[in-house]
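These notes are about the structure you will find just below.
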Amino acid sequence: MHSPSASALRSLYLPATAQRALLRQAPSALSSNKLLARFLSTSAPCAPEQALHLPIRQPNYASPKDNQRQEAEAQADPDIISDFIVPPGAQLNSSLFTLSGLNQTLSGGPKNTSLKITKVSQLELPVLAGQSVSLAVLQFAPNGTNPLHTHPRSAELLLLLQGTLSVGFVDSSNKAYTQVLYEGDVFLFPKGLVHFQTNLSPELPAVAVSAFGSSNAGLVSLPKALFGSGVGEGVLANSFKTDPAVIETLVSANMG
(Lines give C-alpha, C1' and ligand atoms only; values in the text may rest on other atoms or scores of the structure.)
Protein backbone atom coordinates (compact mmCIF):
# COMPACT_ATOMS: atom_id res chain seq x y z
CA MET A 1 0.00 0.00 0.00
CA HIS A 2 1.23 3.46 -0.87
CA SER A 3 1.38 6.04 1.93
CA PRO A 4 -1.35 8.68 1.77
CA SER A 5 -0.45 12.13 0.59
CA ALA A 6 0.15 15.02 3.00
CA SER A 7 -3.09 16.68 1.88
CA ALA A 8 -5.03 13.49 2.65
CA LEU A 9 -3.44 13.19 6.07
CA ARG A 10 -4.35 16.73 7.02
CA SER A 11 -8.04 16.03 6.51
CA LEU A 12 -8.01 12.56 8.07
CA TYR A 13 -10.34 11.48 10.90
CA LEU A 14 -9.60 8.32 12.92
CA PRO A 15 -11.53 6.64 15.71
CA ALA A 16 -10.17 7.30 19.17
CA THR A 17 -9.31 3.60 19.55
CA ALA A 18 -7.11 3.72 16.46
CA GLN A 19 -5.40 6.85 17.68
CA ARG A 20 -4.64 5.24 21.03
CA ALA A 21 -3.16 2.25 19.24
CA LEU A 22 -0.99 4.57 17.18
CA LEU A 23 0.25 6.29 20.31
CA ARG A 24 1.09 2.94 21.94
CA GLN A 25 3.13 1.77 18.97
CA ALA A 26 4.86 5.01 18.01
CA PRO A 27 4.29 7.92 20.43
CA SER A 28 6.88 10.09 18.69
CA ALA A 29 6.01 9.15 15.13
CA LEU A 30 2.53 10.54 14.47
CA SER A 31 3.80 11.87 11.15
CA SER A 32 4.81 8.38 9.90
CA ASN A 33 2.79 7.74 6.73
CA LYS A 34 3.54 4.01 6.66
CA LEU A 35 2.28 3.42 10.20
CA LEU A 36 -0.82 5.49 9.53
CA ALA A 37 -1.51 3.69 6.27
CA ARG A 38 -1.44 0.32 8.03
CA PHE A 39 -4.09 1.44 10.49
CA LEU A 40 -6.19 2.92 7.71
CA SER A 41 -6.36 -0.52 6.10
CA THR A 42 -7.62 -2.17 9.31
CA SER A 43 -9.75 0.53 10.94
CA ALA A 44 -13.41 0.96 10.14
CA PRO A 45 -14.44 4.45 9.04
CA CYS A 46 -16.44 6.57 11.41
CA ALA A 47 -18.46 9.74 11.14
CA PRO A 48 -16.60 12.99 11.89
CA GLU A 49 -18.80 13.68 14.91
CA GLN A 50 -17.71 10.33 16.42
CA ALA A 51 -14.02 10.76 15.74
CA LEU A 52 -11.11 12.75 17.07
CA HIS A 53 -9.07 14.75 14.61
CA LEU A 54 -5.54 13.34 14.42
CA PRO A 55 -2.90 16.08 14.55
CA ILE A 56 -0.31 15.66 11.81
CA ARG A 57 3.15 17.17 12.21
CA GLN A 58 3.63 19.88 9.60
CA PRO A 59 6.98 20.73 7.99
CA ASN A 60 8.75 23.91 9.03
CA TYR A 61 8.38 26.47 6.27
CA ALA A 62 9.92 29.33 8.26
CA SER A 63 11.86 31.81 6.16
CA PRO A 64 15.54 32.50 6.87
CA LYS A 65 14.48 35.83 8.38
CA ASP A 66 12.07 34.04 10.74
CA ASN A 67 14.81 31.62 11.76
CA GLN A 68 17.19 34.50 12.47
CA ARG A 69 14.53 36.21 14.58
CA GLN A 70 13.88 33.03 16.57
CA GLU A 71 17.60 32.56 17.19
CA ALA A 72 17.91 36.15 18.36
CA GLU A 73 14.96 35.75 20.72
CA ALA A 74 16.48 32.56 22.14
CA GLN A 75 19.65 34.45 23.03
CA ALA A 76 17.94 37.55 24.39
CA ASP A 77 17.17 38.25 28.04
CA PRO A 78 14.32 36.06 29.31
CA ASP A 79 10.88 37.64 29.49
CA ILE A 80 9.54 38.10 33.00
CA ILE A 81 5.91 37.94 34.10
CA SER A 82 6.19 40.72 36.66
CA ASP A 83 7.12 44.39 36.46
CA PHE A 84 10.56 43.66 37.89
CA ILE A 85 12.45 41.10 39.95
CA VAL A 86 13.41 41.89 43.53
CA PRO A 87 16.79 40.28 44.27
CA PRO A 88 16.83 37.86 47.23
CA GLY A 89 17.32 39.67 50.51
CA ALA A 90 16.77 43.14 49.03
CA GLN A 91 14.26 45.64 50.37
CA LEU A 92 11.66 46.93 47.94
CA ASN A 93 12.09 50.70 47.86
CA SER A 94 13.41 53.35 45.51
CA SER A 95 17.02 52.55 46.41
CA LEU A 96 16.61 49.18 44.70
CA PHE A 97 16.46 50.97 41.33
CA THR A 98 19.31 53.42 41.98
CA LEU A 99 23.06 53.24 41.43
CA SER A 100 25.19 56.23 42.38
CA GLY A 101 28.81 57.21 41.82
CA LEU A 102 29.13 57.50 38.06
CA ASN A 103 29.75 61.27 38.21
CA GLN A 104 33.48 60.59 38.56
CA THR A 105 33.53 58.69 35.26
CA LEU A 106 31.78 61.15 32.96
CA SER A 107 34.75 63.42 32.29
CA GLY A 108 38.51 63.05 32.15
CA GLY A 109 40.68 60.07 31.43
CA PRO A 110 41.55 57.06 33.57
CA LYS A 111 44.50 56.98 35.94
CA ASN A 112 47.43 54.59 35.43
CA THR A 113 45.73 52.73 32.57
CA SER A 114 44.89 53.34 28.92
CA LEU A 115 41.21 52.36 29.27
CA LYS A 116 38.72 52.17 32.12
CA ILE A 117 35.24 50.67 31.70
CA THR A 118 32.62 51.24 34.40
CA LYS A 119 29.70 48.86 33.90
CA VAL A 120 26.09 49.13 35.01
CA SER A 121 24.90 45.60 34.32
CA GLN A 122 22.89 43.05 36.26
CA LEU A 123 25.96 42.36 38.38
CA GLU A 124 26.22 45.99 39.56
CA LEU A 125 22.45 46.66 39.64
CA PRO A 126 20.67 43.31 40.22
CA VAL A 127 17.18 44.72 39.58
CA LEU A 128 18.15 44.88 35.88
CA ALA A 129 17.43 41.14 35.65
CA GLY A 130 14.86 40.62 32.90
CA GLN A 131 14.84 44.29 31.86
CA SER A 132 17.03 43.83 28.73
CA VAL A 133 19.04 46.99 29.28
CA SER A 134 22.44 48.02 30.67
CA LEU A 135 25.17 50.57 30.03
CA ALA A 136 28.88 51.21 30.39
CA VAL A 137 31.05 54.31 30.67
CA LEU A 138 34.31 54.15 28.72
CA GLN A 139 37.21 56.43 29.66
CA PHE A 140 40.13 56.54 27.22
CA ALA A 141 43.59 57.87 28.02
CA PRO A 142 45.36 59.69 25.18
CA ASN A 143 45.89 57.12 22.39
CA GLY A 144 43.96 54.61 24.51
CA THR A 145 42.25 51.71 22.74
CA ASN A 146 39.39 49.36 23.52
CA PRO A 147 40.79 46.26 21.75
CA LEU A 148 38.88 44.20 19.20
CA HIS A 149 36.01 42.47 20.97
CA THR A 150 32.41 41.29 20.65
CA HIS A 151 29.24 41.35 22.75
CA PRO A 152 27.49 38.01 22.06
CA ARG A 153 24.12 38.97 23.54
CA SER A 154 23.54 42.56 22.45
CA ALA A 155 24.19 45.38 20.03
CA GLU A 156 25.98 48.45 21.39
CA LEU A 157 24.92 52.07 20.92
CA LEU A 158 27.77 54.45 21.78
CA LEU A 159 27.43 58.18 22.56
CA LEU A 160 30.67 60.18 22.63
CA LEU A 161 30.67 62.74 25.44
CA GLN A 162 34.23 64.03 25.26
CA GLY A 163 37.15 63.88 22.84
CA THR A 164 37.52 62.19 19.46
CA LEU A 165 37.29 58.47 18.74
CA SER A 166 37.99 56.26 15.77
CA VAL A 167 35.53 53.37 15.84
CA GLY A 168 34.57 50.51 13.60
CA PHE A 169 33.26 46.98 13.20
CA VAL A 170 33.69 44.07 10.80
CA ASP A 171 30.63 42.33 9.36
CA SER A 172 30.19 38.63 8.53
CA SER A 173 31.51 39.19 4.99
CA ASN A 174 34.77 40.58 6.46
CA LYS A 175 33.99 44.15 5.43
CA ALA A 176 35.12 46.86 7.84
CA TYR A 177 33.01 49.94 8.61
CA THR A 178 34.97 52.72 10.32
CA GLN A 179 34.09 56.23 11.41
CA VAL A 180 35.66 59.15 13.28
CA LEU A 181 33.36 60.38 16.06
CA TYR A 182 33.22 63.81 17.67
CA GLU A 183 31.46 64.97 20.83
CA GLY A 184 27.73 64.32 20.56
CA ASP A 185 28.05 61.66 17.83
CA VAL A 186 26.34 58.26 18.16
CA PHE A 187 27.50 55.00 16.55
CA LEU A 188 25.91 51.55 16.40
CA PHE A 189 27.90 48.32 16.74
CA PRO A 190 25.62 45.48 15.58
CA LYS A 191 25.09 42.50 17.84
CA GLY A 192 27.87 39.93 17.97
CA LEU A 193 30.19 41.64 15.46
CA VAL A 194 33.87 42.35 16.13
CA HIS A 195 34.47 46.04 16.86
CA PHE A 196 36.85 48.54 18.47
CA GLN A 197 37.23 52.11 19.71
CA THR A 198 40.45 54.12 19.93
CA ASN A 199 41.26 57.64 21.08
CA LEU A 200 42.85 59.60 18.23
CA SER A 201 44.35 62.31 20.44
CA PRO A 202 47.88 61.86 21.79
CA GLU A 203 47.20 64.52 24.41
CA LEU A 204 43.51 64.58 25.42
CA PRO A 205 41.28 61.92 27.01
CA ALA A 206 37.96 60.74 25.61
CA VAL A 207 34.76 59.60 27.34
CA ALA A 208 31.80 57.68 25.91
CA VAL A 209 28.65 56.00 27.21
CA SER A 210 27.44 52.76 25.63
CA ALA A 211 23.92 51.34 25.94
CA PHE A 212 23.12 47.64 25.50
CA GLY A 213 19.90 45.71 24.86
CA SER A 214 20.70 43.13 27.52
CA SER A 215 21.24 43.22 31.25
CA ASN A 216 24.37 41.15 30.59
CA ALA A 217 25.68 41.82 27.08
CA GLY A 218 28.79 39.68 27.56
CA LEU A 219 32.32 40.49 26.43
CA VAL A 220 34.75 38.44 24.35
CA SER A 221 38.10 40.22 23.97
CA LEU A 222 39.80 38.82 20.88
CA PRO A 223 43.41 39.24 22.07
CA LYS A 224 42.61 37.38 25.31
CA ALA A 225 40.38 34.80 23.63
CA LEU A 226 42.95 33.97 20.97
CA PHE A 227 46.28 34.38 22.74
CA GLY A 228 45.45 34.21 26.44
CA SER A 229 43.05 31.28 26.67
CA GLY A 230 45.44 28.36 26.32
CA VAL A 231 44.83 27.54 22.64
CA GLY A 232 47.87 25.66 21.38
CA GLU A 233 50.59 27.83 19.85
CA GLY A 234 50.87 25.42 16.93
CA VAL A 235 47.18 25.86 16.15
CA LEU A 236 47.55 29.63 16.31
CA ALA A 237 50.67 29.63 14.12
CA ASN A 238 48.91 27.53 11.48
CA SER A 239 45.74 29.60 11.69
CA PHE A 240 47.55 32.90 11.24
CA LYS A 241 50.16 31.47 8.84
CA THR A 242 53.02 32.94 10.81
CA ASP A 243 56.18 31.96 12.64
CA PRO A 244 55.72 30.24 16.05
CA ALA A 245 58.02 32.84 17.59
CA VAL A 246 55.50 35.56 16.71
CA ILE A 247 52.71 33.58 18.38
CA GLU A 248 54.85 33.01 21.45
CA THR A 249 55.33 36.76 21.80
CA LEU A 250 51.58 37.40 21.47
CA VAL A 251 50.75 34.66 23.98
CA SER A 252 53.23 36.05 26.49
CA ALA A 253 51.69 39.52 26.15
CA ASN A 254 48.12 38.29 26.72
CA MET A 255 48.45 35.63 29.43
CA GLY A 256 47.27 36.47 32.92
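Order determines the names: the first chain of the C-alpha coordinates is A, the second B, and so forth; residues in each chain are numbered 1 upward, and ligands are numbered 1 upward as they are shown.
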Go through region 91-118 of chain A and flag each residue having an atom no more than 6 Å from region 122-145 of chain A; for those, report the closest pair of atoms plus their distance in Å to one decimal, using only C-alpha atoms, ordered by chain and rising number, as a Markdown table.
| residue | atom | partner | partner_atom | distance |
| --- | --- | --- | --- | --- |
| A:Gly109 | CA | A:Ala141 | CA | 5.0 |
| A:Pro110 | CA | A:Gln139 | CA | 5.9 |
| A:Ser114 | CA | A:Gly144 | CA | 4.7 |
| A:Leu115 | CA | A:Phe140 | CA | 4.8 |
| A:Lys116 | CA | A:Gln139 | CA | 5.1 |
| A:Ile117 | CA | A:Leu138 | CA | 4.7 |
| A:Thr118 | CA | A:Val137 | CA | 5.1 |
Exercise for review: Rounded to one decimal place, report the CA of Tyr177 (chain A)-CA of Thr113 (chain A) distance in Å.
Suggested key: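 If I compute the distance from CA of Tyr177 (chain A) to CA of Thr113 (chain A), I get 27.3 Å.
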Study note, to complete from the structure: Taken to one decimal, the CA of Phe169 (chain A)-CA of Pro223 (chain A) distance is 15.5 Å
Exercise for review: Using backbone DSSP assignments, extract all helix (DSSP H, G or I) residues from region 77-255 of chain A; output them as number ranges by chain.
Suggested key: A: 94-97, 102-105, 126-128, 222-227, 233-240, 244-254
Practice item. Can you work out the spacing between CA of Ala225 (chain A) and CA of Glu156 (chain A) in Å, to one decimal? Key: 20.0 Å
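Near Ser221 (chain A), within a cut-off of 8 Å and counting only C-alpha atoms, sit the residues A:Pro147, A:Leu148, A:His149, A:Thr150, A:Lys224, A:Ala225, with same-chain residues fewer than 3 positions away left out.
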Exercise for review: Go through A:Phe240, A:Phe189, A:Phe84, A:Tyr182 one by one, measure the shortest atom-to-atom distance of each to Leu165 (chain A) using only C-alpha atoms, and give the residue with the smallest value.
Suggested key: A:Tyr182
